[in-house]
$ cat query13.cif   # mmCIF, C-alpha atoms and all ligand atoms
data_target
loop_
_atom_site.label_atom_id
_atom_site.label_comp_id
_atom_site.auth_asym_id
_atom_site.auth_seq_id
_atom_site.Cartn_x
_atom_site.Cartn_y
_atom_site.Cartn_z
CA MET A 319 -10.29 0.32 -34.04
CA SER A 320 -7.12 1.77 -35.52
CA ASP A 321 -3.87 3.14 -34.22
CA SER A 322 -2.06 5.46 -36.58
CA SER A 323 0.99 5.51 -34.30
CA LEU A 324 1.54 1.80 -34.84
CA GLU A 325 3.24 0.80 -38.02
CA THR A 326 1.26 -2.02 -39.56
CA ILE A 327 3.39 -4.54 -41.34
CA PRO A 328 1.63 -6.17 -44.27
CA THR A 329 2.22 -9.83 -45.01
CA VAL A 330 5.87 -10.68 -44.41
CA ASP A 331 7.37 -11.74 -47.74
CA ASP A 332 10.36 -13.66 -46.35
CA ALA A 333 8.55 -15.73 -43.73
CA LEU A 334 9.86 -19.08 -42.53
CA PHE A 335 6.43 -19.94 -41.13
CA SER A 336 3.06 -18.59 -42.25
CA ALA A 337 -0.43 -19.16 -40.97
CA ARG A 338 -3.36 -17.73 -42.93
CA ASP A 339 -7.03 -17.38 -42.04
CA ILE A 340 -6.82 -19.72 -39.07
CA GLU A 341 -10.22 -20.73 -37.74
CA THR A 342 -10.86 -23.14 -34.92
CA GLY A 343 -12.71 -23.63 -31.66
CA TYR A 344 -14.15 -26.18 -29.28
CA GLY A 345 -17.34 -28.05 -30.16
CA GLU A 346 -19.92 -25.40 -31.03
CA LEU A 347 -17.71 -22.55 -29.81
CA GLN A 348 -15.71 -20.80 -32.50
CA VAL A 349 -12.69 -19.04 -30.96
CA LEU A 350 -10.49 -17.97 -33.90
CA TYR A 351 -11.93 -16.11 -36.88
CA GLY A 352 -9.27 -15.97 -39.58
CA VAL A 353 -5.99 -15.23 -37.78
CA ASP A 354 -2.77 -14.56 -39.74
CA ILE A 355 0.74 -15.01 -38.31
CA ASP A 356 4.16 -14.87 -40.00
CA ILE A 357 7.50 -15.74 -38.46
CA ARG A 358 10.84 -15.08 -40.11
CA GLN A 359 13.98 -17.10 -39.57
CA ASN A 360 15.74 -16.14 -36.32
CA GLU A 361 12.88 -13.96 -35.19
CA ILE A 362 11.11 -13.83 -31.83
CA VAL A 363 7.41 -13.16 -32.35
CA LEU A 364 5.11 -12.38 -29.46
CA VAL A 365 1.33 -12.87 -29.45
CA PHE A 366 -0.53 -11.00 -26.74
CA GLY A 367 -3.97 -9.64 -25.98
CA PRO A 368 -6.76 -9.76 -23.40
CA ASN A 369 -7.76 -12.86 -21.45
CA GLY A 370 -9.87 -15.16 -23.56
CA ALA A 371 -8.69 -13.62 -26.85
CA GLY A 372 -7.71 -17.07 -28.12
CA LYS A 373 -3.92 -16.97 -27.74
CA SER A 374 -3.49 -20.47 -26.29
CA THR A 375 -6.05 -21.75 -28.75
CA LEU A 376 -3.98 -20.26 -31.56
CA ILE A 377 -0.72 -21.87 -30.50
CA LYS A 378 -2.48 -25.23 -30.09
CA ALA A 379 -4.07 -24.90 -33.53
CA LEU A 380 -0.75 -23.96 -35.16
CA TYR A 381 0.85 -27.04 -33.59
CA GLN A 382 -2.12 -29.19 -34.70
CA ARG A 383 -3.11 -30.04 -31.16
CA LEU A 384 -6.52 -28.71 -32.13
CA PRO A 385 -8.05 -29.44 -35.52
CA LEU A 386 -8.11 -26.51 -37.92
CA TRP A 387 -11.60 -25.54 -39.06
CA GLY A 388 -10.14 -23.41 -41.77
CA GLY A 389 -6.93 -21.81 -42.98
CA GLU A 390 -3.46 -22.85 -44.01
CA VAL A 391 -0.17 -23.38 -42.22
CA GLU A 392 3.20 -23.62 -43.99
CA ILE A 393 6.86 -23.90 -43.05
CA ASP A 394 9.60 -23.39 -45.65
CA GLY A 395 6.84 -23.39 -48.25
CA SER A 396 5.57 -26.88 -47.33
CA ASP A 397 1.97 -27.33 -46.27
CA LEU A 398 1.40 -28.58 -42.71
CA SER A 399 -2.36 -29.13 -42.98
CA ASP A 400 -2.11 -32.92 -42.83
CA VAL A 401 0.75 -33.08 -40.35
CA ASN A 402 -0.21 -34.16 -36.85
CA SER A 403 1.41 -32.74 -33.72
CA ASN A 404 3.67 -35.79 -33.25
CA GLN A 405 5.17 -35.19 -36.69
CA MET A 406 5.73 -31.44 -36.28
CA ILE A 407 9.31 -31.92 -35.10
CA GLU A 408 10.13 -33.67 -38.36
CA HIS A 409 9.14 -30.38 -40.01
CA GLY A 410 11.41 -28.38 -37.72
CA ILE A 411 8.85 -27.18 -35.19
CA GLY A 412 9.08 -27.76 -31.42
CA PHE A 413 6.59 -26.89 -28.69
CA VAL A 414 6.93 -26.00 -25.00
CA PRO A 415 3.44 -26.21 -23.49
CA GLN A 416 2.64 -24.21 -20.37
CA THR A 417 2.12 -27.27 -18.15
CA GLU A 418 3.15 -30.92 -18.20
CA ASN A 419 6.21 -29.99 -20.21
CA VAL A 420 8.69 -32.32 -18.43
CA PHE A 421 8.50 -35.86 -17.07
CA PRO A 422 8.58 -35.20 -13.31
CA ASN A 423 9.79 -38.66 -12.23
CA LEU A 424 12.67 -38.75 -14.71
CA THR A 425 16.04 -37.09 -14.23
CA VAL A 426 17.15 -34.03 -16.17
CA ALA A 427 19.40 -36.28 -18.28
CA GLU A 428 16.56 -38.70 -19.01
CA ASN A 429 14.23 -35.86 -19.97
CA LEU A 430 16.84 -34.61 -22.44
CA ASP A 431 17.32 -38.14 -23.82
CA ILE A 432 13.58 -38.39 -24.50
CA GLY A 433 13.79 -35.11 -26.42
CA ALA A 434 16.56 -36.66 -28.55
CA ILE A 435 14.36 -39.07 -30.47
CA HIS A 436 15.01 -37.52 -33.89
CA VAL A 437 18.55 -36.37 -33.12
CA THR A 438 21.45 -37.90 -35.05
CA ASN A 439 24.16 -36.77 -32.63
CA PRO A 440 22.45 -36.55 -29.23
CA GLU A 441 25.66 -36.28 -27.18
CA SER A 442 26.91 -33.14 -28.90
CA ARG A 443 23.41 -31.64 -28.95
CA ARG A 444 23.05 -32.27 -25.24
CA ALA A 445 26.45 -30.69 -24.58
CA ALA A 446 25.45 -27.59 -26.61
CA LEU A 447 22.22 -27.21 -24.67
CA LEU A 448 23.95 -27.63 -21.33
CA GLU A 449 26.19 -24.75 -22.36
CA LEU A 450 23.05 -22.71 -23.00
CA PHE A 451 21.49 -23.81 -19.69
CA PRO A 452 24.47 -24.34 -17.34
CA ARG A 453 22.15 -24.69 -14.35
CA LEU A 454 20.88 -27.96 -15.81
CA LYS A 455 24.41 -29.30 -16.08
CA GLU A 456 24.70 -29.21 -12.29
CA ARG A 457 21.40 -31.06 -11.93
CA LEU A 458 21.64 -33.80 -14.52
CA MET A 459 20.90 -36.65 -12.09
CA GLN A 460 18.14 -34.81 -10.21
CA THR A 461 14.52 -35.70 -11.02
CA ALA A 462 12.54 -32.97 -12.75
CA GLU A 463 10.00 -32.83 -9.89
CA THR A 464 12.75 -31.59 -7.55
CA LEU A 465 13.72 -28.65 -9.79
CA SER A 466 12.66 -25.08 -9.06
CA GLY A 467 10.03 -23.52 -11.33
CA GLY A 468 12.67 -21.64 -13.30
CA GLU A 469 14.86 -24.71 -13.69
CA ARG A 470 11.90 -26.75 -14.85
CA GLN A 471 11.13 -24.12 -17.48
CA MET A 472 14.77 -24.33 -18.62
CA LEU A 473 14.50 -28.12 -18.85
CA ALA A 474 11.26 -27.88 -20.83
CA MET A 475 12.93 -25.51 -23.31
CA ALA A 476 16.11 -27.60 -23.49
CA ARG A 477 14.12 -30.77 -24.12
CA ALA A 478 12.16 -29.15 -26.94
CA LEU A 479 15.42 -27.78 -28.39
CA MET A 480 17.20 -31.18 -28.46
CA PRO A 481 16.18 -31.87 -32.10
CA ASN A 482 17.43 -28.38 -33.03
CA PRO A 483 14.12 -27.08 -34.41
CA GLU A 484 13.97 -24.15 -36.83
CA LEU A 485 11.06 -22.79 -34.84
CA LEU A 486 9.95 -23.18 -31.23
CA PHE A 487 6.45 -22.40 -29.93
CA ILE A 488 6.41 -21.43 -26.24
CA ASP A 489 3.16 -21.01 -24.29
CA GLU A 490 3.55 -18.53 -21.40
CA PRO A 491 7.26 -18.94 -20.61
CA SER A 492 7.03 -16.75 -17.49
CA ALA A 493 4.01 -18.48 -15.92
CA GLY A 494 4.54 -18.92 -12.18
CA LEU A 495 8.05 -17.44 -12.14
CA SER A 496 9.45 -14.68 -9.92
CA PRO A 497 10.43 -11.38 -11.59
CA GLN A 498 14.13 -12.29 -11.45
CA LEU A 499 13.50 -15.67 -13.06
CA ILE A 500 11.27 -14.08 -15.69
CA GLU A 501 14.19 -11.90 -16.76
CA ARG A 502 16.49 -14.93 -16.93
CA THR A 503 13.92 -16.90 -18.94
CA PHE A 504 13.69 -14.14 -21.55
CA ASP A 505 17.49 -13.94 -21.65
CA HIS A 506 17.43 -17.62 -22.52
CA ILE A 507 14.83 -17.03 -25.20
CA ALA A 508 17.10 -14.38 -26.74
CA GLN A 509 19.95 -16.91 -26.67
CA ILE A 510 17.71 -19.47 -28.37
CA ARG A 511 17.26 -16.99 -31.22
CA GLU A 512 21.05 -16.39 -31.34
CA SER A 513 21.56 -20.14 -31.67
CA GLY A 514 19.41 -20.15 -34.82
CA THR A 515 15.91 -21.10 -33.67
CA ALA A 516 13.00 -18.72 -34.28
CA VAL A 517 10.45 -18.39 -31.46
CA LEU A 518 6.70 -17.83 -31.36
CA MET A 519 5.58 -17.11 -27.81
CA ILE A 520 2.43 -16.21 -25.98
CA GLU A 521 3.06 -14.16 -22.87
CA GLN A 522 1.04 -12.26 -20.28
CA ASP A 523 4.08 -10.28 -19.10
CA VAL A 524 4.12 -8.24 -22.28
CA ASN A 525 6.70 -5.70 -21.11
CA ALA A 526 9.21 -8.42 -20.28
CA ALA A 527 8.49 -10.27 -23.52
CA LEU A 528 8.85 -7.10 -25.61
CA SER A 529 12.36 -6.66 -24.22
CA VAL A 530 13.47 -9.57 -26.43
CA ALA A 531 10.76 -9.85 -29.11
CA ASP A 532 11.34 -8.61 -32.66
CA ARG A 533 7.67 -8.32 -33.61
CA GLY A 534 4.31 -8.72 -31.97
CA TYR A 535 0.70 -9.44 -32.79
CA VAL A 536 -2.26 -8.35 -30.72
CA LEU A 537 -5.11 -10.81 -30.77
CA GLU A 538 -8.55 -9.75 -29.62
CA MET A 539 -11.78 -11.77 -29.71
CA GLY A 540 -10.19 -14.32 -32.01
CA GLU A 541 -8.99 -11.82 -34.63
CA ASN A 542 -5.78 -9.96 -35.44
CA ARG A 543 -6.01 -6.47 -34.00
CA PHE A 544 -2.52 -5.02 -34.48
CA GLU A 545 0.82 -6.20 -35.70
CA GLY A 546 4.11 -4.37 -35.65
CA ASP A 547 7.74 -4.43 -34.68
CA ALA A 548 8.48 -4.54 -30.96
CA MET A 549 9.66 -0.95 -30.78
CA SER A 550 6.47 0.38 -32.41
CA ILE A 551 4.41 -1.61 -29.94
CA ARG A 552 6.43 -0.38 -26.97
CA GLU A 553 6.07 3.21 -28.15
CA SER A 554 2.37 3.08 -28.99
CA GLN A 555 0.43 4.92 -26.31
CA GLN A 556 -2.79 3.34 -27.51
CA ILE A 557 -1.43 -0.18 -27.12
CA ARG A 558 0.02 0.71 -23.74
CA ASP A 559 -3.37 2.01 -22.61
CA LEU A 560 -5.34 -0.88 -24.02
CA TYR A 561 -3.13 -3.88 -23.36
CA LEU A 562 -0.20 -2.98 -21.14
CA GLY A 563 -2.03 -1.08 -18.47
CA ARG A 564 -1.46 -3.57 -15.67
N1 LIG B 601 -10.83 -26.87 -23.87
C1 LIG B 601 -11.72 -25.90 -24.05
N2 LIG B 601 -13.04 -26.18 -24.20
C2 LIG B 601 -13.94 -25.19 -24.43
N3 LIG B 601 -13.64 -23.87 -24.49
C3 LIG B 601 -12.34 -23.54 -24.33
C4 LIG B 601 -11.32 -24.53 -24.10
N4 LIG B 601 -10.15 -23.89 -23.97
C5 LIG B 601 -10.42 -22.57 -24.12
N5 LIG B 601 -11.72 -22.37 -24.33
C6 LIG B 601 -12.39 -21.08 -24.55
O1 LIG B 601 -11.79 -20.47 -25.68
C7 LIG B 601 -11.67 -19.07 -25.49
C8 LIG B 601 -10.21 -18.66 -25.72
O2 LIG B 601 -9.40 -19.28 -24.73
P1 LIG B 601 -7.81 -19.21 -24.76
O3 LIG B 601 -7.33 -20.02 -23.61
O4 LIG B 601 -7.33 -19.53 -26.11
O5 LIG B 601 -7.60 -17.66 -24.51
P2 LIG B 601 -6.25 -16.89 -24.10
O6 LIG B 601 -6.20 -15.68 -24.96
O7 LIG B 601 -5.10 -17.81 -24.15
O8 LIG B 601 -6.62 -16.47 -22.63
P3 LIG B 601 -5.70 -16.22 -21.31
O9 LIG B 601 -4.89 -15.00 -21.57
O10 LIG B 601 -6.73 -16.00 -20.24
O11 LIG B 601 -4.88 -17.47 -21.10
C9 LIG B 601 -12.15 -18.78 -24.09
O12 LIG B 601 -13.48 -18.30 -24.20
C10 LIG B 601 -12.12 -20.12 -23.40
O13 LIG B 601 -13.12 -20.22 -22.42
#
$ encode --input "query13.cif" --output "structure tokens"
Amino acid sequence: MSDSSLETIPTVDDALFSARDIETGYGELQVLYGVDIDIRQNEIVLVFGPNGAGKSTLIKALYQRLPLWGGEVEIDGSDLSDVNSNQMIEHGIGFVPQTENVFPNLTVAENLDIGAIHVTNPESRRAALLELFPRLKERLMQTAETLSGGERQMLAMARALMPNPELLFIDEPSAGLSPQLIERTFDHIAQIRESGTAVLMIEQDVNAALSVADRGYVLEMGENRFEGDAMSIRESQQIRDLYLGR
């Protein structure tokens, strides 16, 4: 399949993060067949595609929550093949999973403190993040289980941002949120980029995600199908018909 209206960007030569030929799966089931992803500094990159394409599998593999069967992952030129997911933050990469991304019985403040494990100046970092997420400031002593869905998503992002990662992976930031909250969540993701953290996100609400993304990759049946800048994707009739029809 090809789409002449979509500009294909060859390998990015100034990438902060690069993944090449990623292969993985579950038991006997191979899900990814040689996927490539590049992320530049201060860039929001969106991965989208049909259900079952392997998007969540990809983000888990890139964060080493799933063993790689093949391929290479690098940040700032250093190889991450032998780095486990608990050490990823030491290499400047944070992760906001779709579920179980906060400690429900702990307060907002305690959740942020837990995110501060590798932070040299946690007080000033916390203050900076509460500026970014003022809603959390008003709820510091409230337990995470009592937050609304949107507030919980903010807390999950703030917690992952405490160590000031260079790159944040976010799995389905809009999952379960109302349209108004979806818009606010993507505004926050744009602010995260402004504050100096690049973002790789997977998102079903592609139109909303493209409003802030710089580039996007379409994944289909475990392979790269298209890649391009967000405007090319938005303007591609073929991509609209194939992937944005809902
Ligand atoms: N833990 C697992 N064990 C076995 N197979 C799995 C597991 N998780 C996912 N799969 C399979 O891997 C394939 C890709 O799933 P994945 O969740 O990565 O797709 P996705 O693109 O994120 O889909 P969706 O948009 O529906 O969330 C699917 O066929 C799925 O059934």
$ closest_residue --input "query13.cif" --among "A:Leu347, A:Val330, A:Ala526, A:Ala531" --to "Arg511 of chain A" --atoms "all atoms listed in the file"
A:Ala531
$ atom_distance --input "query13.cif" --atom1 "atom CA of Ser550 of chain A" --atom2 "atom CA of Val363 of chain A"
13.6 Å
$ closest_atom_pairs --input "query13.cif" --of "chain A" --to "ligand LIG 601 (chain B)" --cutoff "6 Å" --atoms "all atoms listed in the file" --output "Markdown table"
| residue | atom | partner | partner_atom | distance |
| --- | --- | --- | --- | --- |
| A:Tyr344 | CA | B:LIG601 | C2 | 5.0 |
| A:Val349 | CA | B:LIG601 | O1 | 5.5 |
| A:Pro368 | CA | B:LIG601 | O9 | 5.9 |
| A:Asn369 | CA | B:LIG601 | O10 | 3.5 |
| A:Gly370 | CA | B:LIG601 | O5 | 3.5 |
| A:Ala371 | CA | B:LIG601 | O6 | 3.7 |
| A:Gly372 | CA | B:LIG601 | O4 | 3.2 |
| A:Lys373 | CA | B:LIG601 | O6 | 3.8 |
| A:Ser374 | CA | B:LIG601 | O7 | 3.8 |
| A:Thr375 | CA | B:LIG601 | O4 | 3.7 |
$ closest_residue --input "query13.cif" --among "A:Gly410, A:Gly468, A:Pro440, A:Gly514" --to "Gly494 of chain A" --atoms "all atoms listed in the file"
A:Gly468
$ atom_distance --input "query13.cif" --atom1 "atom CA of Glu501 of chain A" --atom2 "atom CA of Met472 of chain A"
12.6 Å
$ decode --input "query13.cif" --residues "segment 490-520 of chain A" --atoms "C-alpha atoms" --output "compact mmCIF listing (two decimals), in the first residue's frame"
# COMPACT_ATOMS: atom_id res chain seq x y z
CA GLU A 490 -3.59 6.22 25.60
CA PRO A 491 -3.68 9.54 27.48
CA SER A 492 -7.35 10.13 26.63
CA ALA A 493 -8.65 6.69 27.70
CA GLY A 494 -11.91 7.05 29.61
CA LEU A 495 -11.96 10.87 29.50
CA SER A 496 -14.78 13.17 28.37
CA PRO A 497 -14.19 15.26 25.21
CA GLN A 498 -13.52 18.39 27.29
CA LEU A 499 -10.97 16.58 29.44
CA ILE A 500 -9.35 15.06 26.36
CA GLU A 501 -8.69 18.56 25.05
CA ARG A 502 -7.20 19.61 28.39
CA THR A 503 -5.02 16.49 28.52
CA PHE A 504 -3.55 17.25 25.09
CA ASP A 505 -3.01 20.88 26.15
CA HIS A 506 -0.97 19.50 29.02
CA ILE A 507 0.99 17.26 26.68
CA ALA A 508 1.83 20.32 24.56
CA GLN A 509 3.01 22.07 27.74
CA ILE A 510 5.15 19.06 28.60
CA ARG A 511 6.91 19.51 25.26
CA GLU A 512 7.33 23.26 25.97
CA SER A 513 8.97 22.38 29.28
CA GLY A 514 11.62 20.36 27.43
CA THR A 515 10.39 16.76 27.50
CA ALA A 516 9.76 14.90 24.25
CA VAL A 517 6.68 12.65 24.14
CA LEU A 518 5.89 9.35 22.43
CA MET A 519 2.19 8.58 22.72
CA ILE A 520 -0.24 5.98 21.55
